[in-house]
Every structure is written in structure tokens, then in C-alpha cells.
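As provided, final.cif (mmCIF, C-alpha atoms and all ligand atoms) reads as follows.
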```
data_work
#
loop_
_atom_site.label_atom_id
_atom_site.label_comp_id
_atom_site.auth_asym_id
_atom_site.auth_seq_id
_atom_site.Cartn_x
_atom_site.Cartn_y
_atom_site.Cartn_z
CA MET J 14 0.00 0.00 0.00
CA ASP J 15 1.17 3.56 -0.72
CA LYS J 16 2.03 5.51 2.42
CA ILE J 17 0.57 8.79 1.11
CA LEU J 18 -3.00 8.26 -0.04
CA THR J 19 -3.35 11.09 -2.54
CA GLY J 20 -6.72 12.03 -3.93
CA LYS J 21 -5.66 12.86 -7.48
CA PRO J 22 -5.65 9.34 -8.97
CA VAL J 23 -9.00 8.63 -7.32
CA ALA J 24 -10.55 11.84 -8.66
CA THR J 25 -9.09 11.27 -12.14
CA LEU J 26 -10.72 7.84 -12.41
CA ILE J 27 -14.10 9.17 -11.23
CA ARG J 28 -13.92 12.06 -13.73
CA GLN J 29 -13.05 9.63 -16.53
CA GLU J 30 -15.95 7.35 -15.61
CA THR J 31 -18.32 10.33 -15.57
CA SER J 32 -17.03 11.66 -18.87
CA ASP J 33 -17.51 8.20 -20.48
CA LEU J 34 -21.06 8.07 -19.11
CA ILE J 35 -21.86 11.51 -20.53
CA LEU J 36 -20.46 10.63 -23.95
CA LYS J 37 -22.06 7.18 -24.08
CA HIS J 38 -25.55 8.48 -23.31
CA LYS J 39 -25.11 11.87 -25.03
CA LEU J 40 -26.02 13.67 -21.81
CA ARG J 41 -26.05 17.40 -21.22
CA PRO J 42 -26.29 17.54 -17.41
CA LYS J 43 -27.09 20.89 -15.88
CA LEU J 44 -26.45 21.93 -12.29
CA LEU J 45 -28.07 24.84 -10.49
CA LEU J 46 -25.47 26.07 -8.02
CA ILE J 47 -26.79 28.58 -5.51
CA GLN J 48 -24.53 30.66 -3.30
CA ILE J 49 -25.93 33.19 -0.87
CA GLY J 50 -23.65 36.04 0.16
CA GLU J 51 -19.88 36.09 -0.12
CA ASP J 52 -17.50 33.64 1.51
CA PRO J 53 -13.88 33.30 0.30
CA ALA J 54 -13.68 29.56 1.04
CA SER J 55 -16.94 28.98 -0.86
CA GLU J 56 -15.72 31.08 -3.83
CA TYR J 57 -12.82 28.70 -4.35
CA TYR J 58 -15.03 25.62 -4.08
CA VAL J 59 -17.68 27.08 -6.40
CA GLN J 60 -15.14 28.02 -9.09
CA ASN J 61 -13.69 24.56 -8.87
CA ILE J 62 -17.12 22.98 -9.44
CA VAL J 63 -17.86 25.22 -12.43
CA ARG J 64 -14.47 24.52 -14.06
CA SER J 65 -14.52 20.76 -13.46
CA ALA J 66 -18.12 20.40 -14.63
CA GLN J 67 -17.62 22.36 -17.83
CA LYS J 68 -14.47 20.39 -18.71
CA ILE J 69 -16.51 17.22 -19.17
CA GLY J 70 -19.56 18.68 -20.86
CA CYS J 71 -21.81 19.68 -17.96
CA GLU J 72 -23.49 23.03 -17.70
CA VAL J 73 -23.53 25.01 -14.45
CA ASP J 74 -26.10 27.71 -13.84
CA PHE J 75 -24.29 29.62 -11.11
CA CYS J 76 -26.74 31.69 -9.13
CA PRO J 77 -25.15 34.09 -6.61
CA LEU J 78 -27.82 35.59 -4.36
CA ASP J 79 -27.63 38.55 -2.06
CA VAL J 80 -27.15 37.86 1.64
CA SER J 81 -30.31 39.86 2.36
CA LEU J 82 -32.38 37.21 0.53
CA SER J 83 -35.28 35.93 2.62
CA GLN J 84 -35.75 32.24 3.37
CA ASP J 85 -39.09 32.30 1.53
CA ALA J 86 -37.42 33.72 -1.58
CA LEU J 87 -34.87 30.91 -1.46
CA LEU J 88 -37.64 28.31 -1.10
CA GLY J 89 -39.39 29.89 -4.09
CA LYS J 90 -36.20 29.60 -6.16
CA LEU J 91 -35.84 25.94 -5.15
CA HIS J 92 -39.45 25.12 -6.01
CA GLN J 93 -38.95 26.62 -9.45
CA ALA J 94 -35.77 24.56 -10.03
CA ASN J 95 -37.41 21.40 -8.66
CA THR J 96 -39.89 21.35 -11.54
CA ASP J 97 -37.63 22.77 -14.28
CA ASP J 98 -36.82 19.79 -16.53
CA SER J 99 -33.70 21.47 -17.89
CA ILE J 100 -32.08 21.34 -14.42
CA HIS J 101 -30.87 17.91 -13.29
CA GLY J 102 -29.04 18.77 -10.08
CA ILE J 103 -29.38 21.40 -7.37
CA MET J 104 -26.64 22.36 -5.01
CA LEU J 105 -26.81 24.94 -2.30
CA GLN J 106 -23.41 26.18 -1.18
CA LYS J 107 -23.10 26.33 2.62
CA PRO J 108 -22.93 28.15 4.96
CA LEU J 109 -26.43 29.57 4.72
CA PRO J 110 -27.18 33.01 6.20
CA LYS J 111 -27.89 33.11 9.94
CA GLY J 112 -31.50 32.36 10.84
CA PHE J 113 -32.16 30.05 7.86
CA ASP J 114 -33.65 26.67 8.78
CA GLU J 115 -31.23 24.29 7.10
CA ASN J 116 -33.38 21.18 7.62
CA LEU J 117 -36.40 22.89 6.09
CA ILE J 118 -34.36 24.04 3.11
CA ASN J 119 -32.81 20.62 2.55
CA GLN J 120 -36.32 19.12 2.58
CA ASN J 121 -37.36 21.49 -0.18
CA ILE J 122 -34.83 20.20 -2.71
CA ASN J 123 -36.29 17.63 -5.08
CA PRO J 124 -34.63 14.36 -3.87
CA ASP J 125 -34.10 13.29 -7.50
CA LYS J 126 -31.99 16.43 -8.02
CA ASP J 127 -30.28 16.32 -4.63
CA VAL J 128 -26.77 15.67 -5.97
CA ASP J 129 -25.25 16.65 -2.63
CA GLY J 130 -27.23 13.91 -0.82
CA ILE J 131 -28.65 16.13 1.92
CA HIS J 132 -32.41 15.55 1.55
CA PRO J 133 -33.80 13.48 4.45
CA LEU J 134 -35.12 10.89 1.98
CA ASN J 135 -31.63 10.31 0.57
CA LEU J 136 -30.06 10.23 4.03
CA GLY J 137 -32.74 7.77 5.23
CA LYS J 138 -32.20 5.55 2.18
CA LEU J 139 -28.49 5.60 2.86
CA TRP J 140 -29.02 4.18 6.36
CA LEU J 141 -31.36 1.51 4.93
CA GLU J 142 -28.76 0.61 2.28
CA MET J 143 -31.06 1.63 -0.56
CA GLU J 144 -29.75 3.35 -3.69
CA ALA J 145 -29.49 7.07 -2.95
CA PHE J 146 -27.42 10.15 -3.57
CA VAL J 147 -24.70 10.09 -0.91
CA PRO J 148 -23.03 13.23 0.52
CA CYS J 149 -19.91 13.62 -1.62
CA THR J 150 -17.31 14.01 1.13
CA ALA J 151 -18.44 10.87 2.93
CA GLN J 152 -18.40 8.99 -0.38
CA ALA J 153 -14.93 10.43 -1.12
CA VAL J 154 -13.60 8.65 1.98
CA ILE J 155 -15.04 5.34 0.77
CA GLU J 156 -13.64 5.88 -2.76
CA THR J 157 -10.20 6.44 -1.19
CA LEU J 158 -10.44 3.20 0.81
CA LYS J 159 -11.54 1.35 -2.35
CA HIS J 160 -8.81 2.80 -4.53
CA TYR J 161 -6.06 1.90 -2.08
CA GLU J 162 -7.71 -1.44 -1.27
CA ILE J 163 -8.15 -0.73 2.43
CA LYS J 164 -10.99 -2.97 3.60
CA PRO J 165 -12.67 -1.67 6.76
CA GLU J 166 -14.41 -5.02 7.32
CA GLY J 167 -13.92 -6.20 10.91
CA LYS J 168 -11.50 -3.37 11.66
CA LYS J 169 -11.93 -0.89 14.46
CA VAL J 170 -12.68 2.42 12.79
CA VAL J 171 -13.06 5.70 14.68
CA ILE J 172 -14.77 8.68 13.07
CA LEU J 173 -14.14 12.01 14.76
CA GLY J 174 -17.13 14.25 14.00
CA ARG J 175 -20.86 13.59 13.63
CA SER J 176 -22.06 16.29 11.23
CA ALA J 177 -25.00 15.55 8.95
CA VAL J 178 -22.84 15.95 5.82
CA VAL J 179 -19.70 14.05 6.83
CA GLY J 180 -19.60 12.05 10.09
CA LYS J 181 -23.13 10.62 10.07
CA PRO J 182 -23.33 9.55 6.40
CA LEU J 183 -19.83 8.11 6.70
CA ALA J 184 -20.97 6.09 9.70
CA ALA J 185 -23.85 4.70 7.61
CA LEU J 186 -21.48 3.73 4.79
CA LEU J 187 -18.94 2.08 7.08
CA LEU J 188 -21.63 0.13 8.94
CA SER J 189 -23.32 -1.06 5.76
CA LYS J 190 -23.16 -4.74 4.84
CA THR J 191 -21.16 -4.01 1.69
CA SER J 192 -17.61 -4.74 0.51
CA TRP J 193 -16.47 -1.38 1.86
CA GLY J 194 -18.48 -1.46 5.07
CA ASN J 195 -18.78 -3.97 7.93
CA ALA J 196 -16.49 -1.92 10.17
CA SER J 197 -16.61 -1.97 13.98
CA LEU J 198 -17.34 1.65 14.43
CA SER J 199 -17.03 4.40 17.04
CA VAL J 200 -18.22 7.91 16.29
CA CYS J 201 -16.77 10.60 18.56
CA HIS J 202 -17.78 14.23 18.98
CA SER J 203 -17.24 17.23 21.21
CA ARG J 204 -19.00 15.53 24.16
CA SER J 205 -16.97 12.34 23.92
CA VAL J 206 -15.04 11.56 27.08
CA ASP J 207 -11.57 10.06 26.68
CA LEU J 208 -11.42 10.28 22.93
CA VAL J 209 -7.77 9.18 23.02
CA ASN J 210 -8.86 5.84 24.47
CA GLU J 211 -10.84 5.35 21.22
CA THR J 212 -8.27 6.60 18.73
CA THR J 213 -5.32 4.70 20.22
CA LYS J 214 -7.20 1.43 19.65
CA ALA J 215 -8.32 2.23 16.10
CA ASP J 216 -7.01 0.56 12.95
CA ILE J 217 -8.43 3.43 10.93
CA VAL J 218 -8.98 6.99 12.23
CA ILE J 219 -11.09 9.36 10.13
CA ALA J 220 -10.96 12.97 11.31
CA ALA J 221 -13.74 15.40 10.35
CA ILE J 222 -13.94 17.97 13.14
CA GLY J 223 -12.60 21.20 11.66
CA LYS J 224 -9.77 21.65 14.21
CA SER J 225 -6.28 22.27 12.82
CA GLU J 226 -3.88 19.35 13.42
CA PHE J 227 -5.97 18.08 16.34
CA VAL J 228 -4.88 14.43 16.06
CA LYS J 229 -1.29 14.04 17.27
CA ALA J 230 1.05 11.04 17.12
CA GLY J 231 0.34 10.23 20.77
CA MET J 232 -3.34 9.73 19.94
CA ILE J 233 -2.90 6.96 17.38
CA LYS J 234 -1.91 3.31 17.31
CA LYS J 235 1.28 2.33 15.46
CA ASP J 236 0.59 1.34 11.83
CA SER J 237 -2.91 2.75 11.80
CA ILE J 238 -4.44 4.30 8.69
CA LEU J 239 -5.32 7.99 8.92
CA ILE J 240 -7.94 9.67 6.76
CA ASP J 241 -8.08 13.44 7.09
CA VAL J 242 -11.28 15.14 5.97
CA GLY J 243 -10.53 18.48 7.63
CA ILE J 244 -9.70 21.57 5.61
CA ASN J 245 -8.63 24.39 7.91
CA GLU J 246 -7.45 27.73 6.61
CA THR J 247 -4.71 29.80 8.23
CA ILE J 248 -4.13 33.36 7.04
CA LEU J 249 -0.41 34.13 6.92
CA ALA J 250 1.19 37.47 7.81
CA ASP J 251 1.42 38.43 4.10
CA GLY J 252 -2.33 37.89 3.70
CA THR J 253 -2.07 34.60 1.78
CA SER J 254 -3.71 31.42 3.01
CA THR J 255 -2.43 28.00 3.84
CA TYR J 256 -4.49 24.90 4.56
CA CYS J 257 -4.03 22.03 6.97
CA GLY J 258 -6.12 19.08 8.05
CA ASP J 259 -7.49 17.83 11.38
CA ILE J 260 -4.54 15.46 11.67
CA ASP J 261 -1.02 16.62 12.49
CA TYR J 262 0.52 15.13 9.34
CA ASN J 263 4.17 15.66 10.33
CA SER J 264 3.91 14.26 13.84
CA CYS J 265 1.84 11.22 12.73
CA PHE J 266 3.67 10.38 9.49
CA ASP J 267 6.33 8.01 10.87
CA LYS J 268 3.96 6.20 13.21
CA CYS J 269 1.09 5.50 10.81
CA LEU J 270 0.87 2.98 8.00
CA ALA J 271 -0.77 5.41 5.57
CA ILE J 272 -2.23 8.91 5.60
CA THR J 273 -4.18 11.24 3.31
CA PRO J 274 -2.54 14.65 2.75
CA VAL J 275 -4.24 18.05 3.09
CA PRO J 276 -4.49 19.59 0.58
CA GLY J 277 -4.46 16.94 -2.12
CA GLY J 278 -6.41 14.23 -0.29
CA ILE J 279 -10.14 13.77 0.34
CA GLY J 280 -11.02 17.34 -0.69
CA SER J 281 -9.79 16.79 -4.22
CA ILE J 282 -12.22 13.90 -4.75
CA THR J 283 -15.38 15.63 -3.53
CA THR J 284 -16.02 17.75 -6.62
CA SER J 285 -15.60 14.83 -9.01
CA LEU J 286 -18.24 12.90 -7.04
CA LEU J 287 -20.65 15.83 -7.16
CA ILE J 288 -20.35 15.91 -10.95
CA LYS J 289 -20.75 12.16 -11.15
CA ASN J 290 -23.99 12.47 -9.15
CA LEU J 291 -25.12 15.21 -11.55
CA ALA J 292 -24.54 12.95 -14.56
CA LEU J 293 -26.44 10.13 -12.83
CA ALA J 294 -29.34 12.46 -12.02
CA CYS J 295 -29.47 13.49 -15.69
CA LEU J 296 -29.38 9.87 -16.80
CA ARG J 297 -32.22 8.95 -14.43
CA ALA J 298 -34.25 11.92 -15.66
CA GLN J 299 -33.98 10.32 -19.11
CA GLY J 300 -35.55 7.15 -17.79
CA HIS J 301 -32.49 4.96 -17.10
CA THR J 302 -32.93 3.34 -13.73
CA LYS J 303 -29.88 1.24 -12.93
CA ASN J 304 -26.39 0.08 -13.83
CA TYR J 305 -24.83 2.64 -16.03
N1 LIG Q 1 -12.84 17.43 2.19
C1 LIG Q 1 -14.01 18.00 1.90
O1 LIG Q 1 -14.47 18.00 0.78
C2 LIG Q 1 -14.80 18.59 3.03
C3 LIG Q 1 -16.18 18.75 2.93
C4 LIG Q 1 -16.88 19.20 4.06
C5 LIG Q 1 -16.18 19.52 5.20
N2 LIG Q 1 -14.82 19.42 5.21
C6 LIG Q 1 -14.00 19.74 6.40
O2 LIG Q 1 -14.21 18.72 7.37
C7 LIG Q 1 -14.19 19.27 8.67
C8 LIG Q 1 -15.52 18.95 9.35
O3 LIG Q 1 -16.57 19.50 8.59
P1 LIG Q 1 -18.08 19.41 9.07
O4 LIG Q 1 -18.90 20.17 8.09
O5 LIG Q 1 -18.42 17.99 9.33
O6 LIG Q 1 -17.97 20.23 10.45
P2 LIG Q 1 -19.06 20.56 11.58
O7 LIG Q 1 -20.43 20.55 11.03
O8 LIG Q 1 -18.55 21.77 12.26
O9 LIG Q 1 -18.93 19.31 12.59
C9 LIG Q 1 -17.78 19.14 13.36
C10 LIG Q 1 -17.94 17.89 14.18
O10 LIG Q 1 -16.75 17.73 14.93
C11 LIG Q 1 -17.07 17.57 16.31
N3 LIG Q 1 -16.03 18.18 17.11
C12 LIG Q 1 -15.68 19.49 17.18
N4 LIG Q 1 -14.67 19.66 18.04
C13 LIG Q 1 -14.36 18.44 18.52
C14 LIG Q 1 -13.41 17.96 19.45
N5 LIG Q 1 -12.55 18.77 20.08
N6 LIG Q 1 -13.38 16.63 19.71
C15 LIG Q 1 -14.24 15.80 19.12
N7 LIG Q 1 -15.16 16.19 18.22
C16 LIG Q 1 -15.22 17.50 17.93
C17 LIG Q 1 -18.40 18.27 16.50
O11 LIG Q 1 -19.02 17.72 17.63
P3 LIG Q 1 -20.52 18.15 18.09
O12 LIG Q 1 -21.45 17.44 17.15
O13 LIG Q 1 -20.61 17.65 19.48
O14 LIG Q 1 -20.59 19.63 17.95
C18 LIG Q 1 -19.09 17.93 15.18
O15 LIG Q 1 -19.72 16.69 15.24
C19 LIG Q 1 -13.94 20.77 8.48
O16 LIG Q 1 -12.55 20.99 8.56
C20 LIG Q 1 -14.41 21.03 7.06
O17 LIG Q 1 -13.74 22.12 6.45
C21 LIG Q 1 -14.13 18.94 4.16
#
```
Take the structure in the file and write it out as C-alpha cells.
Amino acid sequence: MDKILTGKPVATLIRQETSDLILKHKLRPKLLLIQIGEDPASEYYVQNIVRSAQKIGCEVDFCPLDVSLSQDALLGKLHQANTDDSIHGIMLQKPLPKGFDENLINQNINPDKDVDGIHPLNLGKLWLEMEAFVPCTAQAVIETLKHYEIKPEGKKVVILGRSAVVGKPLAALLLSKTSWGNASLSVCHSRSVDLVNETTKADIVIAAIGKSEFVKAGMIKKDSILIDVGINETILADGTSTYCGDIDYNSCFDKCLAITPVPGGIGSITTSLLIKNLALACLRAQGHTKNY
């Protein structure tokens, strides 16, 4: 197994698969990408989606909305897109403005166009192991394990973080009775007591907490596998930014068996999965139901 589990080869294969699918079925997938207000981290992510989608023949209707937009106006926009046959996928860039009811908004995205996998129906189906759109970051972790042939089956896996978009869907995937599931799982969070007791016993640690270099060498078992979902920005004195993960890469490197880098790890796979979901949504809208 490679020691550094880079995301690029994983993302390249997913992009190629998606491009083949689009060409084979002569698809013209279209994504509605809504961003409310300005957020530098979101800008980067949004531009990346637009560029990557266009490269393989997808259209992106980027819709920047003013931060003063009301929740009702947003719901109106979603209802319009839900029934517009020319739009196959809807993505709402987070964070939403303060005061917006995120659960209500997620529920108002047509589940067939929910390429980000956040509608309760898709999340419920995921737990029941039914076919569903899966949140892209959680799926990116599984794609990494698959690519590097790391089978979680029977292993002790610890997820740090229980958010609705990363920790929880990842828990569902790792618990599923599939080739890349069947893990013995612990999910830790900010109320967990003696988290180190969990991580030092884990064969695989997956960190998704949003705390720079939180996981240190003393918190892991020798020869464990470390998957870092975190993307934390630090602004340098000259005004430029640098990014690090939730795992202290340098301190853990010698002790672990393998580790994903930040940047260049899980984050680089997420966009390719979003576009793959978009192509699948478009294909389904054309009446194809399974096995593409
Ligand atoms: N690679 C990608 O494509 C991608 C995509 C999305 C997010 N991310 C990154 O992944 C990280 C997590 O994102 P998120 O959206 O899941 O974050 P989030 O919604 O803020 O959730 C953070 C989770 O971490 C837990 N937590 C916080 N501090 C902790 C601590 N000291 N010990 C144990 N658990 C702690 C929280 O516990 P409570 O539930 O108790 O509050 C919560 O469950 C961030 O760095 C984010 O930038 C990356």
C-alpha cells in the first residue's frame, strides 16, 4: 500500500468514468449552483465545481444571491428549479445566512436532483442501504479506501465528527453490509469523554472535526491508517492562506501505515463525485434506472 493516499488518482478515475457516461448516453447535465452572500472559502469551491463540470460537458447555472435574501425567496427559487426539466441537479453552497432553517431548506430540494445527498429521503435511504445520492465528502472517503484497497471489514474504525454531511453519512457507509463497510465503528464528537482511548485502539482513524492538526502522534496506534477530511485555513502574515487538516501530518507520518494529505487528499475527490452524481441524475431523468 502507498504511504501517502493522494486524492488525485481517485478523482481522475471518477472524472473519466463520468465523462464516459456523458459521452455514451449523449447527456447534457445541468447543475443549479446557488450561493448566498460572499465567503472566500466557498468562492474557491464554487469556481472549482464550475471549471470541473464544464471540462466534461456539464453546464452550471451559477446563481449568486444577495445575503439579504429571505428564506421564503430561497424556497421559491428551489421550487422553481425542482420542476424545471432542464435542471438535473441542485446544489446549495453552505454556509447559509444566519437564521435560515437548514433542515427545512434541505427538505425542499427535489430528492431526485439532490446531488449533494442532503435531503432526508436520501439520508434515510443511505441508512437503509437503498440506492441514494450520498453526501460527496463521505463517499470520497469510501472511494479512497476502495482505490487503495483498504478494507474496513472487521476493523476498528473511529470517526471524529458527527455532522449531517460528513460524520453521520460516513458512519452509515462504514456500517453497511457491503464490501467497503462492515467496520466496527465508534463515532466521537465534542461531548466524547476520553477520545484518546478510542483513537489509540483504532485501525483506521477518520478525522472530520474542523480543528487544525488536532490528532497528534500520541493519539494513534502504530501502523494505523489515517484519513483526514478536515480543511482548515490559516491566514499568513502576508495575507495569503495556507491549509491544513485535522490530523497533524508531520507528527503522525512516521507512526502511521498510511495517511491522506491536506491539501491533495479527500477534498480533491469531492467535486468529481458531485459531478458524477449530476450525470447520474441526468441519466435517471432520461428514464435509465440502474447500472450505467
Ligand atoms: N474534504 C471535503 O471535501 C470537506 C467537505 C466538508 C467539510 N470538510 C471539512 O471537514 C471538517 C468537518 O466539517 P463538518 O462540516 O463535518 O464540520 P461541523 O459541522 O462543524 O462538525 C464538526 C464535528 O466535529 C465535532 N467536534 C468538534 N470539536 C471536537 C473535538 N474537540 N473533539 C471531538 N469532536 C469535535 C463536532 O461535535 P458536536 O457534534 O458535538 O458539535 C461535530 O460533530 C472541516 O474541517 C471542514 O472544512 C471537508
Please tabulate, as CSV, the residues of region 101-206 of chain J that come within 9 Å of region 221-241 of chain J, each with its closest pair of atoms and the distance in Å to one decimal, counting all atoms listed in the file and ordering rows by chain, then residue number upward.
```
residue,atom,partner,partner_atom,distance
J:Val154,CA,J:Ile240,CA,7.5
J:Thr157,CA,J:Ile240,CA,8.9
J:Ile163,CA,J:Ile238,CA,8.8
J:Ile172,CA,J:Ala221,CA,7.3
J:Leu173,CA,J:Ala221,CA,5.6
J:Gly174,CA,J:Ile222,CA,5.0
J:Arg175,CA,J:Ala221,CA,8.0
J:Ser176,CA,J:Ala221,CA,8.4
J:Val179,CA,J:Ala221,CA,7.1
J:Gly180,CA,J:Ala221,CA,6.8
J:His202,CA,J:Ile222,CA,7.9
J:Ser203,CA,J:Ile222,CA,8.8
```
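For the pair CA of Val218 (chain J) and CA of Ile260 (chain J), the interatomic distance is 9.6 Å.
When all atoms listed in the file are used to measure the gap to ligand LIG 1 (chain Q), the shortest distance among J:Ser189, J:Asn135, J:Thr253, J:Thr283 belongs to J:Thr283.
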Discussion item. Show me the residues around (-19.3, 13.3, 1.1) - criterion: an atom at most 10 Å away, only C-alpha atoms counted - as number ranges by chain.
Written reply: J: 129-131, 146-155, 177-180, 182-183, 242, 279-280, 282-284, 286-287
Worksheet entry | From J:Leu293, J:Val206, J:Leu26, J:Ile122, residue lying nearest ligand LIG 1 (chain Q) [all atoms listed in the file] | J:Val206
Fill in: Nearest residue to Val170 (chain J) from the set J:Gly194, J:Lys289, J:Lys138, J:Asp216 (distances using all atoms listed in the file)
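Of J:Gly194, J:Lys289, J:Lys138, J:Asp216, the one nearest Val170 (chain J) is J:Asp216, counting all atoms listed in the file.
Residue nearest ligand LIG 1 (chain Q), chosen from J:Asn119, J:Ser199, J:Ser205, J:Thr19 and counting all atoms listed in the file: J:Ser205.
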Fill in: CA of Asp74 (chain J) to CA of Leu45 (chain J), distance in Å rounded to a single decimal
4.8 Å
Worksheet item: Out of J:His132, J:Lys16, J:Arg204, J:Lys43, which residue has the shortest atom-to-atom distance to Lys268 (chain J) when counting all atoms listed in the file?
Response: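 Distance minimum relative to Lys268 (chain J) lands on J:Lys16.
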